[in-house]
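Asks: Here you go, coords_0.txt (compact mmCIF, C-alpha atoms):
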```txt
# COMPACT_ATOMS: atom_id res chain seq x y z
CA MET D 1 0.00 0.00 0.00
CA THR D 2 1.21 3.53 -0.71
CA GLU D 3 1.69 6.26 1.87
CA ARG D 4 0.14 9.70 1.90
CA GLY D 5 0.54 11.61 -1.32
CA GLY D 6 1.31 8.43 -3.30
CA ARG D 7 -0.69 6.54 -5.82
CA SER D 8 -0.94 2.81 -6.21
CA GLY D 9 1.27 1.30 -8.84
CA GLY D 10 -0.27 0.23 -12.09
CA GLY D 11 0.04 -3.45 -11.20
CA GLU D 12 -1.45 -3.26 -7.68
CA ARG D 13 -4.80 -4.95 -7.34
CA ILE D 14 -7.05 -4.12 -4.38
CA LEU D 15 -10.26 -5.99 -3.52
CA ILE D 16 -12.81 -4.54 -1.10
CA TYR D 17 -14.43 -7.65 0.38
CA GLY D 18 -17.78 -6.79 1.99
CA LEU D 19 -19.41 -3.40 1.57
CA GLY D 20 -21.89 -1.89 4.01
CA ARG D 21 -20.77 1.00 6.24
CA SER D 22 -17.11 -0.02 6.51
CA GLY D 23 -16.66 -1.09 2.89
CA ARG D 24 -18.24 2.08 1.58
CA GLY D 25 -15.82 4.09 3.73
CA VAL D 26 -12.91 2.17 2.20
CA ALA D 27 -14.26 2.75 -1.31
CA ARG D 28 -14.78 6.50 -0.76
CA PHE D 29 -11.25 6.83 0.61
CA LEU D 30 -9.63 4.97 -2.29
CA GLY D 31 -11.69 7.03 -4.71
CA ARG D 32 -10.48 10.28 -3.13
CA GLU D 33 -6.91 8.98 -3.41
CA GLY D 34 -7.38 8.32 -7.10
CA ARG D 35 -6.82 4.61 -6.60
CA GLN D 36 -8.64 1.84 -8.37
CA ALA D 37 -10.23 -1.11 -6.61
CA GLU D 38 -12.59 -3.98 -7.23
CA TRP D 39 -15.31 -5.15 -4.88
CA HIS D 40 -17.22 -8.21 -3.77
CA ASP D 41 -20.34 -8.51 -1.66
CA ALA D 42 -22.71 -11.47 -1.65
CA ARG D 43 -25.74 -9.22 -1.01
CA PRO D 44 -24.92 -5.63 -1.98
CA GLY D 45 -27.50 -3.00 -1.13
CA ALA D 46 -28.74 -0.30 -3.46
CA GLU D 47 -26.51 2.28 -1.73
CA ASP D 48 -23.50 -0.02 -2.17
CA GLU D 49 -24.04 -0.56 -5.88
CA ALA D 50 -24.74 3.13 -6.50
CA LEU D 51 -21.45 4.14 -4.89
CA MET D 52 -19.45 1.50 -6.77
CA GLY D 53 -20.94 2.75 -10.02
CA GLU D 54 -20.15 6.36 -9.14
CA LEU D 55 -16.52 5.42 -8.44
CA SER D 56 -16.28 3.15 -11.51
CA PHE D 57 -15.17 0.26 -9.28
CA ARG D 58 -16.03 -3.02 -10.94
CA ARG D 59 -17.04 -6.33 -9.38
CA GLY D 60 -14.06 -8.46 -8.45
CA ASP D 61 -13.38 -12.14 -8.92
CA VAL D 62 -12.89 -13.92 -5.60
CA ALA D 63 -11.08 -16.67 -7.52
CA GLY D 64 -8.60 -14.09 -8.80
CA THR D 65 -5.26 -12.81 -7.52
CA TYR D 66 -4.91 -9.57 -5.54
CA ASP D 67 -2.14 -7.75 -3.70
CA THR D 68 -4.40 -6.46 -0.93
CA VAL D 69 -7.85 -7.44 0.31
CA VAL D 70 -9.56 -4.96 2.62
CA ALA D 71 -12.15 -7.05 4.43
CA ALA D 72 -15.19 -5.71 6.26
CA PRO D 73 -15.28 -6.42 10.02
CA GLY D 74 -18.35 -8.62 9.68
CA VAL D 75 -16.53 -11.13 7.47
CA PRO D 76 -14.98 -13.87 9.65
CA ILE D 77 -11.20 -14.07 9.51
CA ASP D 78 -11.43 -17.74 8.52
CA HIS D 79 -13.94 -17.19 5.70
CA PRO D 80 -13.04 -19.63 2.87
CA ASP D 81 -12.79 -16.81 0.31
CA LEU D 82 -10.32 -14.88 2.46
CA LEU D 83 -8.23 -17.96 3.16
CA ALA D 84 -8.09 -18.76 -0.55
CA LEU D 85 -7.21 -15.18 -1.48
CA ALA D 86 -4.42 -15.21 1.11
CA GLU D 87 -3.07 -18.48 -0.27
CA ARG D 88 -2.85 -16.82 -3.68
CA GLY D 89 -0.69 -14.06 -2.21
CA ALA D 90 -3.11 -11.40 -0.99
CA GLU D 91 -2.53 -9.59 2.30
CA VAL D 92 -5.87 -9.41 4.13
CA ILE D 93 -6.26 -6.25 6.23
CA GLY D 94 -9.05 -4.07 7.62
CA GLU D 95 -9.87 -0.40 7.25
CA VAL D 96 -7.82 0.56 10.33
CA VAL D 97 -4.55 -0.73 8.89
CA LEU D 98 -5.38 0.85 5.52
CA ALA D 99 -5.78 4.18 7.33
CA ALA D 100 -2.60 3.76 9.38
CA ARG D 101 -0.49 2.94 6.32
CA ALA D 102 -1.96 5.67 4.17
CA ARG D 103 -1.62 8.30 6.94
CA PRO D 104 1.48 7.19 8.86
CA THR D 105 1.95 10.53 10.63
CA LEU D 106 -1.61 10.66 12.00
CA PRO D 107 -1.60 9.85 15.75
CA MET D 108 -4.29 7.38 16.76
CA VAL D 109 -5.84 6.49 20.09
CA GLY D 110 -7.47 3.05 20.00
CA VAL D 111 -10.28 2.01 22.32
CA THR D 112 -11.72 -1.47 22.79
CA GLY D 113 -13.54 -3.48 25.45
CA THR D 114 -16.63 -5.59 25.93
CA ALA D 115 -18.69 -2.59 27.01
CA GLY D 116 -18.24 1.17 27.15
CA LYS D 117 -15.82 1.53 24.25
CA GLY D 118 -18.08 3.78 22.16
CA GLY D 119 -18.76 6.28 24.93
CA THR D 120 -15.09 6.29 25.93
CA THR D 121 -14.04 6.92 22.33
CA VAL D 122 -16.36 9.90 21.99
CA LEU D 123 -15.28 11.29 25.37
CA ILE D 124 -11.55 11.11 24.56
CA ALA D 125 -12.10 13.03 21.33
CA HIS D 126 -14.25 15.58 23.19
CA LEU D 127 -11.58 16.09 25.86
CA LEU D 128 -8.85 16.54 23.24
CA ARG D 129 -10.89 19.11 21.33
CA GLY D 130 -11.21 21.01 24.61
CA GLN D 131 -7.40 21.17 24.64
CA GLY D 132 -7.31 22.69 21.16
CA VAL D 133 -6.51 19.41 19.38
CA GLY D 134 -8.38 18.67 16.17
CA ALA D 135 -9.56 15.20 17.25
CA ARG D 136 -12.11 13.17 15.33
CA GLU D 137 -13.71 9.89 16.40
CA GLY D 138 -14.52 7.02 14.06
CA GLY D 139 -14.08 3.31 13.40
CA ASN D 140 -16.61 0.89 14.84
CA ILE D 141 -18.61 3.95 15.88
CA ASP D 142 -20.00 6.21 13.15
CA PRO D 143 -18.43 7.49 10.97
CA PRO D 144 -15.98 4.98 9.48
CA LEU D 145 -12.36 5.83 10.31
CA LEU D 146 -11.43 6.47 6.69
CA ASP D 147 -14.11 9.17 6.46
CA VAL D 148 -12.32 11.29 9.10
CA VAL D 149 -8.57 10.75 8.60
CA ASP D 150 -8.14 13.77 6.31
CA ASP D 151 -9.87 16.16 8.72
CA ALA D 152 -8.19 14.96 11.91
CA GLU D 153 -5.11 16.06 13.80
CA VAL D 154 -5.70 12.99 15.98
CA ALA D 155 -7.99 10.02 15.27
CA VAL D 156 -9.72 8.34 18.22
CA VAL D 157 -10.77 4.90 17.01
CA GLU D 158 -13.34 2.54 18.50
CA LEU D 159 -12.11 -0.97 17.72
CA SER D 160 -14.28 -4.07 17.86
CA SER D 161 -12.89 -7.57 18.31
CA PHE D 162 -13.80 -8.18 14.66
CA GLN D 163 -11.64 -5.26 13.51
CA LEU D 164 -8.81 -6.30 15.81
CA GLU D 165 -8.57 -9.70 14.13
CA ARG D 166 -6.90 -8.06 11.13
CA VAL D 167 -4.50 -5.32 12.26
CA PRO D 168 -1.04 -6.52 11.17
CA GLY D 169 1.65 -4.04 12.14
CA LEU D 170 -0.72 -1.54 13.74
CA ARG D 171 1.03 0.55 16.39
CA LEU D 172 -1.06 2.76 18.67
CA PRO D 173 0.74 5.33 20.84
CA VAL D 174 -2.21 5.20 23.24
CA ALA D 175 -4.58 2.24 23.64
CA VAL D 176 -7.50 1.73 26.02
CA ILE D 177 -9.16 -1.50 27.13
CA THR D 178 -12.32 -0.61 29.06
CA ASN D 179 -13.01 -4.15 30.30
CA LEU D 180 -12.88 -7.81 29.27
CA GLY D 181 -16.10 -9.80 29.47
CA VAL D 182 -17.85 -12.38 27.33
CA ASP D 183 -19.32 -11.67 23.90
CA HIS D 184 -19.37 -12.78 20.26
CA LEU D 185 -18.73 -16.45 21.02
CA ASP D 186 -20.65 -17.26 17.84
CA ARG D 187 -17.75 -15.65 15.96
CA HIS D 188 -14.71 -16.32 18.19
CA ARG D 189 -15.96 -19.64 19.62
CA THR D 190 -14.10 -19.33 22.94
CA VAL D 191 -13.66 -16.58 25.52
CA GLU D 192 -9.89 -16.99 25.18
CA ALA D 193 -10.01 -16.31 21.43
CA TYR D 194 -12.29 -13.31 21.99
CA HIS D 195 -9.93 -11.83 24.61
CA ALA D 196 -6.94 -12.54 22.36
CA ALA D 197 -8.56 -10.48 19.61
CA LYS D 198 -9.12 -7.63 22.05
CA ARG D 199 -5.50 -7.76 23.19
CA ASN D 200 -4.37 -7.22 19.60
CA ILE D 201 -4.89 -3.54 20.32
CA THR D 202 -1.49 -3.67 22.05
CA ALA D 203 0.29 -5.83 19.45
CA GLY D 204 2.41 -3.09 17.90
CA GLN D 205 3.08 -1.06 21.04
CA THR D 206 6.60 -0.34 22.28
CA GLY D 207 7.99 0.92 25.58
CA GLU D 208 7.19 4.48 24.49
CA ASP D 209 3.47 3.75 24.25
CA VAL D 210 0.69 3.69 26.84
CA LEU D 211 -2.04 1.15 27.58
CA VAL D 212 -4.88 2.35 29.82
CA VAL D 213 -6.96 -0.20 31.70
CA PRO D 214 -9.39 0.32 34.59
CA ALA D 215 -8.05 -0.18 38.09
CA GLY D 216 -11.09 -2.37 38.69
CA LEU D 217 -10.13 -4.84 35.98
CA ASP D 218 -9.77 -8.09 37.87
CA VAL D 219 -6.27 -9.40 38.43
CA PRO D 220 -6.48 -12.44 36.09
CA ALA D 221 -7.76 -10.25 33.26
CA ARG D 222 -5.05 -7.64 33.93
CA ALA D 223 -2.43 -10.38 33.98
CA GLN D 224 -3.68 -11.50 30.57
CA VAL D 225 -3.29 -7.97 29.21
CA ARG D 226 0.07 -6.95 30.67
CA PRO D 227 2.41 -9.47 28.99
CA PHE D 228 1.10 -8.49 25.57
CA THR D 229 2.39 -4.92 25.60
CA PRO D 230 5.84 -3.55 26.39
CA GLY D 231 4.22 -0.13 26.79
CA ARG D 232 3.47 1.63 30.04
CA LEU D 233 0.37 0.45 31.90
CA SER D 234 -1.89 3.15 33.37
CA LEU D 235 -4.70 2.21 35.75
CA ALA D 236 -7.82 4.34 35.60
CA ASP D 237 -9.75 4.59 38.87
CA GLY D 238 -13.31 5.75 38.39
CA ARG D 239 -13.76 6.43 42.10
CA GLU D 240 -11.15 9.18 42.00
CA VAL D 241 -12.84 10.84 39.03
CA LEU D 242 -16.23 10.59 40.67
CA ALA D 243 -14.88 12.17 43.85
CA ALA D 244 -13.08 15.00 42.02
CA SER D 245 -15.69 15.88 39.40
CA GLU D 246 -19.41 16.23 39.03
CA LEU D 247 -19.98 13.94 36.08
CA PRO D 248 -22.87 14.58 33.71
CA GLU D 249 -25.67 12.05 33.75
CA GLY D 250 -24.87 9.02 31.62
CA LEU D 251 -21.07 9.07 31.92
CA HIS D 252 -19.59 6.04 33.65
CA PRO D 253 -16.87 7.05 36.16
CA ALA D 254 -14.48 4.28 35.10
CA ASN D 255 -14.79 5.21 31.43
CA ALA D 256 -14.36 8.90 32.27
CA ALA D 257 -11.20 8.05 34.19
CA ALA D 258 -9.83 6.04 31.28
CA ALA D 259 -10.66 8.85 28.86
CA LEU D 260 -8.85 11.41 31.02
CA LEU D 261 -5.71 9.27 31.22
CA ALA D 262 -5.78 8.56 27.49
CA ALA D 263 -6.21 12.24 26.61
CA GLU D 264 -3.35 13.24 28.92
CA ALA D 265 -1.10 10.50 27.48
CA LEU D 266 -1.80 11.62 23.93
CA LEU D 267 -1.13 15.27 24.80
CA SER D 268 2.19 14.19 26.30
CA ARG D 269 3.04 12.33 23.09
CA LEU D 270 2.27 15.49 21.10
CA GLY D 271 4.44 17.56 23.46
CA ARG D 272 1.51 19.72 24.49
CA PRO D 273 0.80 20.80 28.08
CA VAL D 274 -2.41 19.76 29.80
CA ASP D 275 -4.79 22.63 30.54
CA ALA D 276 -6.31 21.16 33.72
CA PRO D 277 -9.15 23.72 34.14
CA ALA D 278 -10.16 23.26 30.50
CA LEU D 279 -10.05 19.48 30.96
CA ALA D 280 -12.39 19.75 33.95
CA ASP D 281 -14.72 22.05 32.00
CA SER D 282 -14.79 19.59 29.09
CA LEU D 283 -15.62 16.72 31.41
CA ARG D 284 -18.51 18.63 32.98
CA ALA D 285 -19.84 19.55 29.52
CA ALA D 286 -19.57 16.03 28.07
CA GLN D 287 -22.67 14.31 26.77
CA PRO D 288 -23.38 10.57 26.54
CA VAL D 289 -23.55 9.00 23.11
CA ALA D 290 -27.08 9.03 21.73
CA GLY D 291 -28.81 5.77 22.55
CA ARG D 292 -26.28 4.75 25.21
CA PHE D 293 -27.72 5.32 28.67
CA GLU D 294 -29.48 8.44 27.46
CA THR D 295 -32.40 10.03 29.29
CA VAL D 296 -34.95 10.49 26.51
CA ALA D 297 -38.04 11.60 28.46
CA ARG D 298 -39.25 12.53 31.95
CA VAL D 299 -42.61 12.26 33.66
CA GLY D 300 -42.32 14.08 36.97
CA ASN D 301 -39.58 12.27 38.87
CA VAL D 302 -39.57 9.27 36.52
CA ARG D 303 -36.83 9.15 33.89
CA PHE D 304 -36.98 7.05 30.73
CA VAL D 305 -33.45 5.86 29.88
CA ASP D 306 -32.56 4.39 26.50
CA ASP D 307 -29.66 1.92 26.59
CA SER D 308 -30.84 -0.17 23.66
CA ILE D 309 -27.27 -1.19 22.85
CA ALA D 310 -26.96 -2.90 26.27
CA THR D 311 -27.11 -6.55 25.23
CA ARG D 312 -23.79 -7.64 26.78
CA THR D 313 -23.83 -8.65 30.43
CA LEU D 314 -21.24 -6.03 31.43
CA ALA D 315 -23.13 -3.25 29.66
CA VAL D 316 -26.47 -4.21 31.22
CA GLN D 317 -24.87 -4.52 34.64
CA ALA D 318 -23.40 -1.02 34.32
CA ALA D 319 -26.79 0.37 33.25
CA LEU D 320 -28.51 -1.17 36.28
CA GLU D 321 -25.88 0.20 38.65
CA ARG D 322 -26.14 3.72 37.18
CA SER D 323 -29.96 3.90 37.21
CA VAL D 324 -31.73 5.83 39.94
CA PRO D 325 -33.86 3.30 41.84
CA PRO D 326 -36.51 2.05 41.91
CA VAL D 327 -36.07 0.66 38.40
CA ALA D 328 -38.64 -0.72 36.00
CA TRP D 329 -36.37 -2.75 33.73
CA LEU D 330 -37.43 -3.42 30.14
CA VAL D 331 -35.99 -6.78 29.07
CA GLY D 332 -36.52 -8.56 25.77
CA GLY D 333 -35.67 -9.04 22.14
CA ARG D 334 -33.81 -12.11 20.96
CA ASP D 335 -31.68 -13.90 23.55
CA LYS D 336 -28.06 -14.45 22.52
CA GLY D 337 -27.11 -16.53 25.52
CA ALA D 338 -26.44 -13.82 28.08
CA ASP D 339 -25.03 -14.73 31.49
CA LEU D 340 -27.86 -13.69 33.81
CA ALA D 341 -26.21 -14.45 37.18
CA PRO D 342 -24.35 -11.09 37.46
CA LEU D 343 -27.52 -9.28 36.42
CA ARG D 344 -29.56 -10.87 39.21
CA GLU D 345 -26.99 -9.54 41.65
CA ALA D 346 -26.91 -6.05 40.10
CA ALA D 347 -30.72 -5.87 40.13
CA ARG D 348 -31.11 -6.87 43.77
CA GLY D 349 -32.67 -4.04 45.78
CA ARG D 350 -32.86 -1.78 42.71
CA VAL D 351 -35.33 -3.34 40.27
CA THR D 352 -38.95 -3.26 41.37
CA ARG D 353 -40.33 -4.98 38.25
CA VAL D 354 -39.13 -6.47 34.97
CA ILE D 355 -41.19 -5.60 31.92
CA ALA D 356 -40.70 -8.45 29.45
CA PHE D 357 -41.21 -7.87 25.71
CA GLY D 358 -40.33 -9.37 22.38
CA GLU D 359 -39.38 -12.85 21.25
CA ASP D 360 -37.47 -14.03 24.34
CA GLY D 361 -38.50 -11.45 26.92
CA GLU D 362 -40.53 -13.81 29.09
CA ALA D 363 -37.81 -16.49 29.11
CA LEU D 364 -35.20 -13.90 30.09
CA ALA D 365 -37.45 -12.54 32.83
CA ARG D 366 -37.98 -16.00 34.29
CA GLY D 367 -34.21 -16.50 34.35
CA LEU D 368 -33.75 -13.28 36.31
CA ASP D 369 -35.93 -14.51 39.17
CA LEU D 370 -37.54 -11.09 39.67
CA PRO D 371 -41.18 -9.94 39.65
CA TYR D 372 -42.18 -9.47 36.02
CA GLU D 373 -45.02 -8.88 33.62
CA VAL D 374 -45.19 -9.59 29.91
CA VAL D 375 -46.35 -7.04 27.33
CA ARG D 376 -47.14 -7.68 23.68
CA GLY D 377 -48.07 -5.65 20.63
CA GLU D 378 -48.82 -6.11 16.95
CA THR D 379 -45.57 -4.36 15.98
CA GLY D 380 -42.25 -3.61 17.60
CA GLU D 381 -43.34 -0.02 18.16
CA ALA D 382 -46.64 -1.06 19.74
CA THR D 383 -44.78 -3.48 22.00
CA LEU D 384 -42.35 -0.81 23.22
CA ARG D 385 -45.22 1.62 23.76
CA ALA D 386 -46.92 -0.94 25.98
CA ALA D 387 -43.62 -1.65 27.77
CA ALA D 388 -42.95 2.02 28.48
CA ALA D 389 -46.47 2.47 29.84
CA ALA D 390 -46.15 -0.63 32.02
CA GLY D 391 -42.81 0.63 33.33
CA LEU D 392 -44.30 3.98 34.29
CA ALA D 393 -47.23 2.25 36.03
CA ALA D 394 -44.82 -0.01 37.95
CA LEU D 395 -43.14 3.08 39.40
CA GLY D 396 -46.39 4.65 40.56
CA GLY D 397 -47.47 6.49 37.42
CA PRO D 398 -46.87 10.22 36.80
CA GLY D 399 -46.65 10.84 40.54
CA GLY D 400 -44.00 8.20 41.11
CA SER D 401 -40.22 8.25 40.89
CA GLY D 402 -37.35 6.16 39.58
CA THR D 403 -36.13 4.93 36.20
CA VAL D 404 -37.80 3.15 33.32
CA LEU D 405 -34.72 1.52 31.85
CA LEU D 406 -34.43 -0.06 28.40
CA ALA D 407 -31.34 -2.28 28.84
CA PRO D 408 -32.82 -5.21 26.96
CA VAL D 409 -30.21 -8.01 27.22
CA GLY D 410 -31.63 -9.45 23.98
CA THR D 411 -30.74 -8.26 20.49
CA SER D 412 -33.15 -6.18 18.42
CA PHE D 413 -33.43 -8.51 15.44
CA ASP D 414 -36.77 -10.01 16.41
CA SER D 415 -38.61 -6.77 15.61
CA PHE D 416 -36.16 -4.06 14.51
CA ARG D 417 -33.42 -3.48 11.97
CA ASP D 418 -30.83 -2.84 14.68
CA TYR D 419 -30.39 -1.48 18.22
CA ARG D 420 -30.49 2.10 16.93
CA GLU D 421 -33.97 1.68 15.47
CA ARG D 422 -35.14 0.02 18.69
CA GLY D 423 -33.70 2.86 20.77
CA LEU D 424 -35.17 5.59 18.58
CA THR D 425 -38.55 3.88 18.75
CA PHE D 426 -38.38 3.67 22.54
CA ALA D 427 -37.41 7.34 22.75
CA ARG D 428 -40.34 8.32 20.56
CA VAL D 429 -42.97 6.36 22.50
CA ALA D 430 -41.52 7.55 25.82
CA ARG D 431 -41.84 11.18 24.72
CA GLU D 432 -45.39 10.55 23.57
CA LEU D 433 -46.14 9.06 26.97
CA ALA D 434 -44.53 12.04 28.70
CA GLY D 435 -46.56 14.45 26.60
CA ALA D 436 -49.81 12.65 27.42
CA ALA D 437 -48.94 12.76 31.14
CA GLN D 438 -48.45 16.56 31.22
CA PRO D 439 -51.06 18.33 33.34
CA GLU D 440 -53.60 20.22 31.27
CA GLY D 441 -52.47 23.75 30.50
CA GLN D 442 -48.72 23.01 30.77
CA ALA D 443 -46.50 23.02 27.71
```
Translate the structure of the given file into C-alpha cells.
Replies:
Amino acid sequence: MTERGGRSGGGERILIYGLGRSGRGVARFLGREGRQAEWHDARPGAEDEALMGELSFRRGDVAGTYDTVVAAPGVPIDHPDLLALAERGAEVIGEVVLAARARPTLPMVGVTGTAGKGGTTVLIAHLLRGQGVGAREGGNIDPPLLDVVDDAEVAVVELSSFQLERVPGLRLPVAVITNLGVDHLDRHRTVEAYHAAKRNITAGQTGEDVLVVPAGLDVPARAQVRPFTPGRLSLADGREVLAASELPEGLHPANAAAALLAAEALLSRLGRPVDAPALADSLRAAQPVAGRFETVARVGNVRFVDDSIATRTLAVQAALERSVPPVAWLVGGRDKGADLAPLREAARGRVTRVIAFGEDGEALARGLDLPYEVVRGETGEATLRAAAAAGLAALGGPGGSGTVLLAPVGTSFDSFRDYRERGLTFARVARELAGAAQPEGQA
C-alpha cells in the first residue's frame, strides 16, 4: 500500500471484500486517493451498488489474484474466500490498517472493550478538542475511520474484536481496554479467542506507548493484558474521578477516568501541556452517546433511559448500577445466551419490576428470578409503547419516581433493523407518553 501523497502502482490490485458502512468508507477513501479497486459482496445493497458505479469500481473475482484485500469487520477471519485469497498471495487487512499505512503521521488512540468503548471513544475526542486538538472519532462507531482521517489532527478509534482480528503491524501510541467480558462467542468460539482479539490492540506497542486499563479490571484479566504490551500500563480509577468531578448524567466514572488518562497521554506524546481547568470544564460539559444510557423523556420524577445497545452482560450490569432506583427494567428481544447471574446480583434491591417484551422477553425474565409482567403488541413499536407504559405504572405512574430503563439483554433482530432503530422507537414512544402525562395547560 502507498503512503500519503502516493498513488498505487499500475500493477497493484485491491479488492474490497464486503461493503456496508465499513466497505463504503474504504471505497470513498480509495476514490479520493485516485486509486482503483474492485469489490465483492454477496448481497450488496442499493446504496453499495450506486457508490461503486459512481466510483467506476467493478465487481471483483474472488477466484482471482490480488495484492491487498480490505475485508469488512463482519466477514470472519477464517472465511473460505479470504483464506483462498491469502493463499494466492493477498494480504488481508481491515480499514484501520489501511488508514494507518496511508496516513502514517496521523496519531491514533485506540479504544476497545466488551462494554463502554463507544462512549469512551467519543469522550476522549471531546476532551482533546477542549485542549485545542483537532480530534475526530470514528471506526466501529459512526463514521468509518477512513471518512475522518483527512480532517483529523488525531484520530480516536473505537475498535471491535472483529476489527482487531486483522490489524497486522498496527502501532497505537495510546490504547485503552475498558473491560474484558464475554461476547461474540458465535464468531470467536471461545472466551480466550475473543480476549486474544481484544488484546491485539497492544500488538504493535513499544515501551514508548501507553495502555490504559481500569483499576477495577480483575487481576487475572489484567495479567492476561500486561504481557502483551511492552508499553506503560496506566490504571484508571473511576472512584477518584467521581470524587473529584461532578460527572454529567450518563457518563460512567471508570470510562471517564480512562478517557482522562488517554487524553493526557496523547497530549504528552504530542508535546503539548495539559490545561487542567479546560479538561475539567470539558468533562462537565460532556454528553453521553445518543442511545447509550441516554435520558430520553421525563414524567415528573420518573426518567426514561434508552440503553438499547446494552445486550452484553457487562453493559447491562453497568446500566442497572447507574440507574436511579426504583427501576422498572425493560428486558426482551432475541436472547443471545447472556449470562444472567451477574444481572440478578446487580438488580437486587434496585429493580422493582421487569417488563418483558419481544421474542425471548418472558424467558429472560424468568431467568432473572424477579417480579415481572409480559407485554405484547402487533408491531415492535406497539410493544415498546406498551412496555414504556407498564414501566411507568410499575413506578407509581406520573406521581411516582425512579427509572424506566431499556437495557434489553436481547438483540433487536426479532422486531427491529438494529439497536439504533429500537432505541429511537423507545425514545419516541416515551416522549409521547410524557406528553400525554403533562397536566392540562402546561407546555
Asks: Nearest residue to Asp61 of chain D out of D:Ile14, D:Val274, D:Leu266, D:Leu83, using all atoms listed in the file?
Replies: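 Using all atoms listed in the file, Asp61 of chain D sits closest to D:Ile14.
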Asks: I'd like the contact shell of Gln131 of chain D - 12 Å cut-off, only C-alpha atoms, skipping same-chain residues fewer than 6 positions apart - returned as number ranges by chain.
Replies: D: 124-125, 260, 263-264, 266-268, 270, 272-283
Asks: Create the file for the chosen residues now, containing C-alpha atoms and written as a PDB file, in the coordinates of the input.
Replies:
```pdb
ATOM      1  CA  ILE D 124     -11.550  11.110  24.560  1.00  0.00           C
ATOM      2  CA  ALA D 125     -12.100  13.030  21.330  1.00  0.00           C
ATOM      3  CA  LEU D 260      -8.850  11.410  31.020  1.00  0.00           C
ATOM      4  CA  ALA D 263      -6.210  12.240  26.610  1.00  0.00           C
ATOM      5  CA  GLU D 264      -3.350  13.240  28.920  1.00  0.00           C
ATOM      6  CA  LEU D 266      -1.800  11.620  23.930  1.00  0.00           C
ATOM      7  CA  LEU D 267      -1.130  15.270  24.800  1.00  0.00           C
ATOM      8  CA  SER D 268       2.190  14.190  26.300  1.00  0.00           C
ATOM      9  CA  LEU D 270       2.270  15.490  21.100  1.00  0.00           C
ATOM     10  CA  ARG D 272       1.510  19.720  24.490  1.00  0.00           C
ATOM     11  CA  PRO D 273       0.800  20.800  28.080  1.00  0.00           C
ATOM     12  CA  VAL D 274      -2.410  19.760  29.800  1.00  0.00           C
ATOM     13  CA  ASP D 275      -4.790  22.630  30.540  1.00  0.00           C
ATOM     14  CA  ALA D 276      -6.310  21.160  33.720  1.00  0.00           C
ATOM     15  CA  PRO D 277      -9.150  23.720  34.140  1.00  0.00           C
ATOM     16  CA  ALA D 278     -10.160  23.260  30.500  1.00  0.00           C
ATOM     17  CA  LEU D 279     -10.050  19.480  30.960  1.00  0.00           C
ATOM     18  CA  ALA D 280     -12.390  19.750  33.950  1.00  0.00           C
ATOM     19  CA  ASP D 281     -14.720  22.050  32.000  1.00  0.00           C
ATOM     20  CA  SER D 282     -14.790  19.590  29.090  1.00  0.00           C
ATOM     21  CA  LEU D 283     -15.620  16.720  31.410  1.00  0.00           C
TER      22      LEU D 283
END
```
Asks: Which is closest to Ala315 of chain D among D:Val62, D:Val354, D:Val409, D:Ala37, if we use only C-alpha atoms?
Replies: D:Val409
Asks: Could you tell me how far atom CA of Val122 of chain D lies from atom CA of Gln163 of chain D, in Å and to one decimal?
Replies: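 For atom CA of Val122 of chain D relative to atom CA of Gln163 of chain D, the distance reads 18.0 Å.
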Asks: Excluding Ile77 of chain D and its own-chain neighbours fewer than 2 positions away, which residues fall within 12 Å of it when counting only C-alpha atoms? Please give them as a short mmCIF file (atom, residue, chain, number, x, y, z; two decimals) with C-alpha atoms, in the coordinates of the input.
Replies:
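selection-v6.cif, freshly written:
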```
data_model
loop_
_atom_site.label_atom_id
_atom_site.label_comp_id
_atom_site.auth_asym_id
_atom_site.auth_seq_id
_atom_site.Cartn_x
_atom_site.Cartn_y
_atom_site.Cartn_z
CA TYR D 17 -14.43 -7.65 0.38
CA VAL D 69 -7.85 -7.44 0.31
CA VAL D 70 -9.56 -4.96 2.62
CA ALA D 71 -12.15 -7.05 4.43
CA ALA D 72 -15.19 -5.71 6.26
CA PRO D 73 -15.28 -6.42 10.02
CA GLY D 74 -18.35 -8.62 9.68
CA VAL D 75 -16.53 -11.13 7.47
CA HIS D 79 -13.94 -17.19 5.70
CA PRO D 80 -13.04 -19.63 2.87
CA ASP D 81 -12.79 -16.81 0.31
CA LEU D 82 -10.32 -14.88 2.46
CA LEU D 83 -8.23 -17.96 3.16
CA ALA D 84 -8.09 -18.76 -0.55
CA LEU D 85 -7.21 -15.18 -1.48
CA ALA D 86 -4.42 -15.21 1.11
CA VAL D 92 -5.87 -9.41 4.13
CA ILE D 93 -6.26 -6.25 6.23
CA GLY D 94 -9.05 -4.07 7.62
CA SER D 161 -12.89 -7.57 18.31
CA PHE D 162 -13.80 -8.18 14.66
CA GLN D 163 -11.64 -5.26 13.51
CA LEU D 164 -8.81 -6.30 15.81
CA GLU D 165 -8.57 -9.70 14.13
CA ARG D 166 -6.90 -8.06 11.13
CA VAL D 167 -4.50 -5.32 12.26
CA ARG D 187 -17.75 -15.65 15.96
CA HIS D 188 -14.71 -16.32 18.19
CA ALA D 197 -8.56 -10.48 19.61
#
```
Asks: Atom CA of Leu145 of chain D and atom CA of Ser415 of chain D are how many Å apart?
Replies: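 Atom-to-atom, atom CA of Leu145 of chain D to atom CA of Ser415 of chain D, that is 29.6 Å.
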Asks: Can you tell me which residues surround Leu51 of chain D at a distance of at most 12 Å, considering all atoms listed in the file, apart from same-chain residues fewer than 2 positions away, and format the answer as a compact mmCIF listing (two decimals) with C-alpha atoms, in the frame of the given file?
Replies:
```txt
# COMPACT_ATOMS: atom_id res chain seq x y z
CA LEU D 19 -19.41 -3.40 1.57
CA GLY D 20 -21.89 -1.89 4.01
CA ARG D 21 -20.77 1.00 6.24
CA GLY D 23 -16.66 -1.09 2.89
CA ARG D 24 -18.24 2.08 1.58
CA GLY D 25 -15.82 4.09 3.73
CA VAL D 26 -12.91 2.17 2.20
CA ALA D 27 -14.26 2.75 -1.31
CA ARG D 28 -14.78 6.50 -0.76
CA PHE D 29 -11.25 6.83 0.61
CA GLY D 31 -11.69 7.03 -4.71
CA TRP D 39 -15.31 -5.15 -4.88
CA PRO D 44 -24.92 -5.63 -1.98
CA GLY D 45 -27.50 -3.00 -1.13
CA ALA D 46 -28.74 -0.30 -3.46
CA GLU D 47 -26.51 2.28 -1.73
CA ASP D 48 -23.50 -0.02 -2.17
CA GLU D 49 -24.04 -0.56 -5.88
CA GLY D 53 -20.94 2.75 -10.02
CA GLU D 54 -20.15 6.36 -9.14
CA LEU D 55 -16.52 5.42 -8.44
CA SER D 56 -16.28 3.15 -11.51
CA PHE D 57 -15.17 0.26 -9.28
CA ARG D 58 -16.03 -3.02 -10.94
```
